[in-house]
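S.K.: You'll find protein_8.cif just under this line, and it carries mmCIF, C-alpha atoms and all ligand atoms.
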```cif
data_final
#
loop_
_atom_site.label_atom_id
_atom_site.label_comp_id
_atom_site.auth_asym_id
_atom_site.auth_seq_id
_atom_site.Cartn_x
_atom_site.Cartn_y
_atom_site.Cartn_z
CA MET A 854 12.35 -20.24 8.59
CA LEU A 855 9.68 -20.54 5.92
CA ILE A 856 11.11 -20.48 2.39
CA THR A 857 8.63 -20.34 -0.48
CA LEU A 858 9.09 -21.03 -4.19
CA GLU A 859 6.87 -19.30 -6.71
CA GLY A 860 6.45 -19.14 -10.46
CA ILE A 861 4.07 -19.75 -13.35
CA GLU A 862 3.15 -23.24 -14.58
CA GLY A 863 6.19 -25.13 -15.83
CA ALA A 864 8.72 -23.00 -13.94
CA GLY A 865 10.20 -26.19 -12.47
CA LYS A 866 9.45 -25.46 -8.82
CA SER A 867 8.52 -28.95 -7.73
CA SER A 868 11.83 -30.59 -8.58
CA GLN A 869 13.75 -27.56 -7.25
CA VAL A 870 11.94 -27.81 -3.90
CA GLU A 871 13.32 -31.31 -3.35
CA ALA A 872 16.84 -30.36 -4.49
CA ALA A 873 16.80 -27.36 -2.14
CA ALA A 874 15.74 -29.55 0.78
CA ARG A 875 18.59 -31.98 0.11
CA PHE A 876 20.99 -29.04 0.16
CA VAL A 877 19.65 -27.71 3.48
CA ARG A 878 19.78 -31.18 5.09
CA ALA A 879 23.32 -31.75 3.83
CA ALA A 880 24.28 -28.53 5.62
CA GLY A 881 22.98 -30.07 8.85
CA ARG A 882 19.61 -28.36 9.21
CA ALA A 883 16.33 -30.25 9.64
CA CYS A 884 14.01 -29.45 6.77
CA ILE A 885 10.60 -30.43 5.43
CA THR A 886 9.05 -29.79 2.04
CA THR A 887 5.43 -29.03 1.47
CA ARG A 888 3.12 -27.41 -1.08
CA GLU A 889 -0.08 -25.53 -1.72
CA PRO A 890 -2.73 -26.45 -2.38
CA GLY A 891 -3.05 -29.98 -1.02
CA ALA A 892 -0.65 -30.63 1.85
CA THR A 893 -3.30 -31.81 4.32
CA ASP A 894 -6.22 -34.27 4.08
CA LEU A 895 -8.72 -31.45 3.72
CA GLY A 896 -6.28 -29.63 1.44
CA GLN A 897 -6.14 -32.60 -0.94
CA ARG A 898 -9.90 -32.50 -1.30
CA ILE A 899 -9.82 -28.74 -1.87
CA ARG A 900 -6.99 -29.22 -4.41
CA ARG A 901 -9.11 -31.66 -6.42
CA ILE A 902 -11.84 -29.01 -6.76
CA LEU A 903 -9.47 -26.13 -7.48
CA LEU A 904 -7.48 -27.85 -10.24
CA ASP A 905 -10.36 -29.72 -11.88
CA PRO A 906 -11.02 -28.37 -15.40
CA ALA A 907 -14.69 -29.20 -14.82
CA CYS A 908 -14.71 -26.34 -12.28
CA ALA A 909 -13.82 -23.71 -14.90
CA GLY A 910 -15.83 -20.54 -14.43
CA MET A 911 -15.73 -20.66 -10.62
CA ASP A 912 -16.26 -17.19 -9.10
CA PRO A 913 -12.78 -15.73 -8.40
CA ARG A 914 -13.78 -14.90 -4.83
CA ALA A 915 -14.92 -18.48 -4.23
CA GLU A 916 -11.57 -19.60 -5.67
CA LEU A 917 -9.78 -17.19 -3.33
CA LEU A 918 -11.62 -18.54 -0.29
CA LEU A 919 -10.84 -22.15 -1.20
CA TYR A 920 -7.12 -21.33 -1.47
CA LEU A 921 -7.34 -19.57 1.89
CA ALA A 922 -9.12 -22.54 3.47
CA ASP A 923 -6.35 -24.81 2.20
CA ARG A 924 -3.74 -22.39 3.58
CA VAL A 925 -5.27 -22.15 7.04
CA GLU A 926 -5.22 -25.95 7.41
CA HIS A 927 -1.71 -26.05 6.01
CA VAL A 928 -0.30 -23.36 8.29
CA GLN A 929 -1.99 -24.72 11.40
CA ARG A 930 -1.26 -28.41 10.85
CA VAL A 931 2.03 -28.43 8.95
CA ILE A 932 3.93 -25.14 8.72
CA ARG A 933 3.63 -23.73 12.24
CA PRO A 934 4.34 -27.05 14.00
CA ALA A 935 7.44 -27.61 11.84
CA LEU A 936 8.73 -24.08 12.47
CA ALA A 937 8.09 -24.58 16.19
CA ARG A 938 10.30 -27.71 16.04
CA GLY A 939 13.05 -25.54 14.56
CA GLN A 940 12.77 -27.05 11.08
CA VAL A 941 13.29 -25.17 7.86
CA VAL A 942 10.10 -25.36 5.79
CA ILE A 943 10.41 -25.20 2.00
CA CYS A 944 7.01 -24.66 0.45
CA ASP A 945 5.95 -24.90 -3.19
CA ARG A 946 3.68 -21.79 -3.44
CA TYR A 947 2.16 -19.65 -0.71
CA VAL A 948 0.34 -16.31 -0.36
CA ASP A 949 2.19 -14.69 -3.28
CA ALA A 950 0.52 -17.25 -5.56
CA THR A 951 -2.85 -15.95 -4.39
CA LEU A 952 -1.79 -12.36 -5.05
CA ALA A 953 -0.50 -13.28 -8.53
CA TYR A 954 -3.25 -15.69 -9.66
CA GLN A 955 -6.42 -14.53 -7.91
CA GLY A 956 -5.21 -10.91 -7.63
CA ALA A 957 -3.19 -9.90 -10.69
CA ALA A 958 -4.62 -12.47 -13.11
CA ARG A 959 -8.26 -12.86 -12.01
CA GLY A 960 -8.68 -9.28 -10.86
CA VAL A 961 -9.62 -9.81 -7.21
CA ASP A 962 -8.68 -6.69 -5.22
CA ALA A 963 -5.20 -7.19 -3.74
CA ASP A 964 -6.24 -5.31 -0.63
CA LEU A 965 -9.10 -7.76 -0.05
CA ILE A 966 -6.66 -10.67 -0.39
CA GLU A 967 -4.22 -9.05 2.05
CA ARG A 968 -6.95 -8.26 4.57
CA LEU A 969 -8.46 -11.75 4.45
CA HIS A 970 -5.03 -13.32 4.79
CA ALA A 971 -4.16 -11.10 7.75
CA LEU A 972 -7.52 -11.77 9.35
CA VAL A 973 -7.15 -15.55 9.40
CA LEU A 974 -3.35 -15.97 9.45
CA GLY A 975 -1.81 -12.71 10.66
CA ASP A 976 0.59 -10.69 8.54
CA TRP A 977 3.81 -12.69 8.82
CA ARG A 978 5.53 -13.53 5.57
CA PRO A 979 8.14 -16.10 4.51
CA GLY A 980 11.77 -15.35 5.38
CA LEU A 981 12.71 -15.91 1.74
CA THR A 982 10.61 -16.16 -1.41
CA VAL A 983 12.29 -17.36 -4.58
CA LEU A 984 10.55 -16.49 -7.82
CA ILE A 985 11.62 -18.85 -10.59
CA ASP A 986 10.87 -16.69 -13.60
CA ILE A 987 10.35 -18.04 -17.12
CA PRO A 988 8.60 -16.80 -20.26
CA VAL A 989 4.97 -17.94 -20.49
CA ALA A 990 5.45 -19.84 -23.76
CA VAL A 991 8.30 -21.86 -22.27
CA GLY A 992 6.41 -22.61 -19.05
CA LEU A 993 3.20 -23.69 -20.73
CA ASP A 994 5.09 -25.87 -23.17
CA ARG A 995 6.87 -27.61 -20.29
CA ALA A 996 3.64 -27.92 -18.32
CA TRP A 997 1.76 -29.62 -21.17
CA ARG A 998 4.69 -31.95 -21.85
CA ALA A 999 4.48 -33.05 -18.22
CA VAL A 1000 0.81 -33.88 -18.79
CA ASP A 1001 1.66 -35.77 -22.00
CA ARG A 1002 4.32 -37.77 -20.15
CA GLY A 1003 1.78 -38.68 -17.47
CA GLU A 1004 3.65 -36.73 -14.77
CA ARG A 1005 0.64 -34.53 -14.16
CA SER A 1006 -2.95 -35.71 -14.27
CA PRO A 1007 -5.30 -34.14 -16.85
CA ALA A 1008 -7.67 -33.81 -13.88
CA GLU A 1009 -5.33 -31.09 -12.53
CA THR A 1010 -5.12 -28.83 -15.58
CA ARG A 1011 -7.68 -26.09 -14.89
CA PHE A 1012 -4.97 -23.42 -14.77
CA GLU A 1013 -2.90 -24.83 -17.64
CA LYS A 1014 -6.03 -24.39 -19.77
CA GLU A 1015 -6.17 -20.66 -19.10
CA ASN A 1016 -5.04 -18.54 -22.06
CA ARG A 1017 -1.61 -16.94 -22.48
CA ASP A 1018 -2.82 -13.51 -21.40
CA PHE A 1019 -3.86 -14.99 -18.07
CA HIS A 1020 -0.43 -16.52 -17.52
CA GLN A 1021 1.22 -13.30 -18.65
CA ARG A 1022 -0.71 -11.44 -15.94
CA VAL A 1023 0.40 -14.05 -13.37
CA ARG A 1024 4.03 -13.61 -14.40
CA GLN A 1025 3.78 -9.82 -14.34
CA GLY A 1026 2.01 -9.97 -10.99
CA TYR A 1027 4.85 -12.02 -9.51
CA LEU A 1028 7.47 -9.65 -10.91
CA GLU A 1029 5.66 -6.68 -9.37
CA LEU A 1030 5.43 -8.42 -5.99
CA ALA A 1031 9.16 -9.13 -6.15
CA ALA A 1032 9.93 -5.52 -7.07
CA ARG A 1033 7.86 -4.30 -4.12
CA GLU A 1034 9.68 -6.50 -1.58
CA PRO A 1035 13.25 -6.92 -2.82
CA ALA A 1036 14.51 -7.88 0.64
CA ARG A 1037 12.24 -10.93 0.80
CA PHE A 1038 12.28 -11.96 -2.86
CA CYS A 1039 15.03 -13.44 -4.97
CA ILE A 1040 14.33 -13.78 -8.72
CA ILE A 1041 16.02 -16.67 -10.50
CA ASP A 1042 16.04 -17.18 -14.26
CA GLY A 1043 14.27 -20.53 -14.71
CA ASN A 1044 14.88 -20.72 -18.44
CA ARG A 1045 18.12 -22.67 -17.96
CA ALA A 1046 19.24 -26.20 -17.15
CA PRO A 1047 17.84 -27.45 -13.81
CA GLY A 1048 21.36 -27.72 -12.36
CA GLU A 1049 22.05 -24.03 -12.97
CA VAL A 1050 18.73 -23.03 -11.42
CA ALA A 1051 19.49 -25.28 -8.42
CA ARG A 1052 22.86 -23.62 -7.89
CA ASP A 1053 21.33 -20.14 -7.76
CA LEU A 1054 18.62 -21.41 -5.45
CA GLN A 1055 21.21 -22.92 -3.11
CA ALA A 1056 23.12 -19.64 -3.05
CA ALA A 1057 19.96 -17.70 -2.12
CA ILE A 1058 19.06 -20.18 0.64
CA ALA A 1059 22.63 -20.36 1.95
CA ASP A 1060 22.74 -16.59 2.18
CA ARG A 1061 19.45 -16.36 4.09
CA LEU A 1062 20.14 -19.27 6.43
CA HIS A 1063 23.86 -18.51 6.81
CA LEU A 1064 24.83 -21.95 5.47
CA PRO A 1065 28.15 -22.69 3.80
CA LEU A 1066 27.99 -23.20 0.05
CA PRO A 1067 29.50 -26.44 -1.29
CA ASP A 1068 32.97 -25.85 -2.70
CA ARG A 1069 32.55 -26.01 -6.46
CA GLY A 1070 36.09 -25.04 -7.28
CA GLY A 1071 36.78 -22.57 -10.06
CA ASN A 1072 36.86 -18.99 -8.89
CA GLY A 1073 37.48 -19.67 -5.20
P1 LIG B 1101 0.78 -26.77 -8.77
O1 LIG B 1101 0.63 -27.67 -7.59
O2 LIG B 1101 1.19 -27.49 -9.99
O3 LIG B 1101 1.62 -25.58 -8.46
O4 LIG B 1101 -0.69 -26.24 -9.09
C1 LIG B 1101 -1.35 -25.37 -8.26
C2 LIG B 1101 -2.17 -24.41 -9.10
O5 LIG B 1101 -2.93 -23.55 -8.25
C3 LIG B 1101 -1.31 -23.51 -9.96
O6 LIG B 1101 -1.91 -23.39 -11.23
C4 LIG B 1101 -1.38 -22.17 -9.27
C5 LIG B 1101 -2.70 -22.20 -8.56
N1 LIG B 1101 -2.72 -21.42 -7.32
C6 LIG B 1101 -3.54 -20.28 -7.24
O7 LIG B 1101 -4.19 -19.92 -8.21
N2 LIG B 1101 -3.59 -19.61 -6.05
C7 LIG B 1101 -2.90 -19.99 -4.94
O8 LIG B 1101 -2.99 -19.35 -3.88
C8 LIG B 1101 -2.06 -21.19 -5.03
C9 LIG B 1101 -1.31 -21.65 -3.83
C10 LIG B 1101 -2.01 -21.86 -6.24
#
```
Now that the file is in, can you turn its structure into structure tokens?
Ligand code: TMP

M.R.:
Amino acid sequence: MLITLEGIEGAGKSSQVEAAARFVRAAGRACITTREPGATDLGQRIRRILLDPACAGMDPRAELLLYLADRVEHVQRVIRPALARGQVVICDRYVDATLAYQGAARGVDADLIERLHALVLGDWRPGLTVLIDIPVAVGLDRAWRAVDRGERSPAETRFEKENRDFHQRVRQGYLELAAREPARFCIIDGNRAPGEVARDLQAAIADRLHLPLPDRGGNG
């Protein structure tokens, strides 16, 4: 099964992806983690262009096509082979990011995004998509702190540099996607301690993969 994590900048997805994978492996299932953009050799080159602040002002449709190019390589070389081996794939961002960022925030027609995606990748979707939702001010503050601490390169801050309205449209876009497909999406409040977020994430994954939850005592 493909499980995707989504959210605005600073939602805390990256560390949650690793924690979720540890949980799945501890339950006895083989699992890989991956991300978009940049999971393949070509994808890393595309990522450098897409996240480079020097590329501000790129045409939104060019941006869309670069994300799609990254995704095609990723699906063909990483995701499909892993699923074929029976592994659980936990991916940091996928097509919903394109619908939220290039669609809702940049204004590219959602139907065009859907049609292009279906044309090159078919219309299958993840088995579970977890939206880690946080207020924009909180997310951007966390994201810039990560840059200040040297955890994220300034060369990857093209989206962090977008204004608050942009990020508000991304957040709203995600929430609308989740409302439209409640069976696939699970929304988790990311404005809490990482351990609490991880627990909710584990519960969502356990439910979808029929895994036992660790016994945490308390309310039985
Ligand atoms: P991240 O690796 O820190 O999540 O950065 C990836 C950036 O790319 C993030 O700002 C969201 C953006 N993005 C899109 O705009 N469209 C997409 O389809 C994907 C996968 C990411």

S.K.: May I ask for the distance between atom CA of Ala864 of chain A and atom CA of Gly980 of chain A, given in Å to one decimal place?

M.R.: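 The value is 21.0 Å.
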
S.K.: Do you have the atom CA of Arg1002 of chain A-atom CA of Ala953 of chain A distance handy?

M.R.: 27.5 Å

S.K.: Show me which residues are within 8 Å of ligand LIG 1101 (chain B) counting all atoms listed in the file, and format the list as a PyMOL selection string.

M.R.: chain A and resi 861-862+866-867+888-891+900+903-904+916-917+920-921+924+945-955+1009-1013

S.K.: May I ask which of the residues A:Asp894, A:Pro913, A:Leu919, A:Glu1004 is the closest one to Asp962 of chain A, counting all atoms listed in the file?

M.R.: A:Pro913

S.K.: Between A:Ile902, A:Val941, A:Ala1036, A:Ala909, which residue has the minimum interatomic distance to Lys1014 of chain A, considering only C-alpha atoms?

M.R.: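 Looking at the shortest contact to Lys1014 of chain A, the residue is A:Ala909.
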
S.K.: Give me, please, the distance in Å between atom CA of Ala958 of chain A and atom CA of Pro1047 of chain A, quoted to one decimal.

M.R.: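 Separating atom CA of Ala958 of chain A from atom CA of Pro1047 of chain A is a distance of 27.0 Å.
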
S.K.: Taking only C-alpha atoms into account, which of A:Glu1015, A:Glu926, A:Glu1049, A:Asp1001 comes nearest Gly910 of chain A?

M.R.: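 Nearest candidate to Gly910 of chain A out of A:Glu1015, A:Glu926, A:Glu1049, A:Asp1001: A:Glu1015.
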
S.K.: Write out as a VMD selection string each polymer residue whose atoms come within 7 Å of Gly1026 of chain A, counting only C-alpha atoms; drop sequence neighbours fewer than 4 positions from it.

M.R.: chain A and resid 953 957 1022 1030

S.K.: Using C-alpha atoms, can you export the residues from the last selection as an mmCIF file, keeping the file's coordinate frame?

M.R.:
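Written file, again-v3.cif:
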```
data_model
loop_
_atom_site.group_PDB
_atom_site.id
_atom_site.type_symbol
_atom_site.label_atom_id
_atom_site.label_comp_id
_atom_site.auth_asym_id
_atom_site.auth_seq_id
_atom_site.Cartn_x
_atom_site.Cartn_y
_atom_site.Cartn_z
ATOM 1 C CA ALA A 953 -0.500 -13.280 -8.530
ATOM 2 C CA ALA A 957 -3.190 -9.900 -10.690
ATOM 3 C CA ARG A 1022 -0.710 -11.440 -15.940
ATOM 4 C CA LEU A 1030 5.430 -8.420 -5.990
#
```

S.K.: Using only C-alpha atoms, which of the listed residues (A:Leu855, A:Leu969, A:Ile987, A:Ala879) sits closest to Leu918 of chain A?

M.R.: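 So, comparing all the options, the nearest one is A:Leu969.
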
S.K.: Would you mind telling me which residue in A:Ile943, A:Ala872, A:Met911, A:Leu993 lies nearest to Cys884 of chain A when using only C-alpha atoms?

M.R.: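 Once distances to Cys884 of chain A are computed over only C-alpha atoms, the minimum belongs to A:Ile943.
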
S.K.: Pick the closest to Arg878 of chain A from A:Val942, A:Val925, A:Leu1028, A:Ala892: which is it, counting all atoms listed in the file?

M.R.: A:Val942
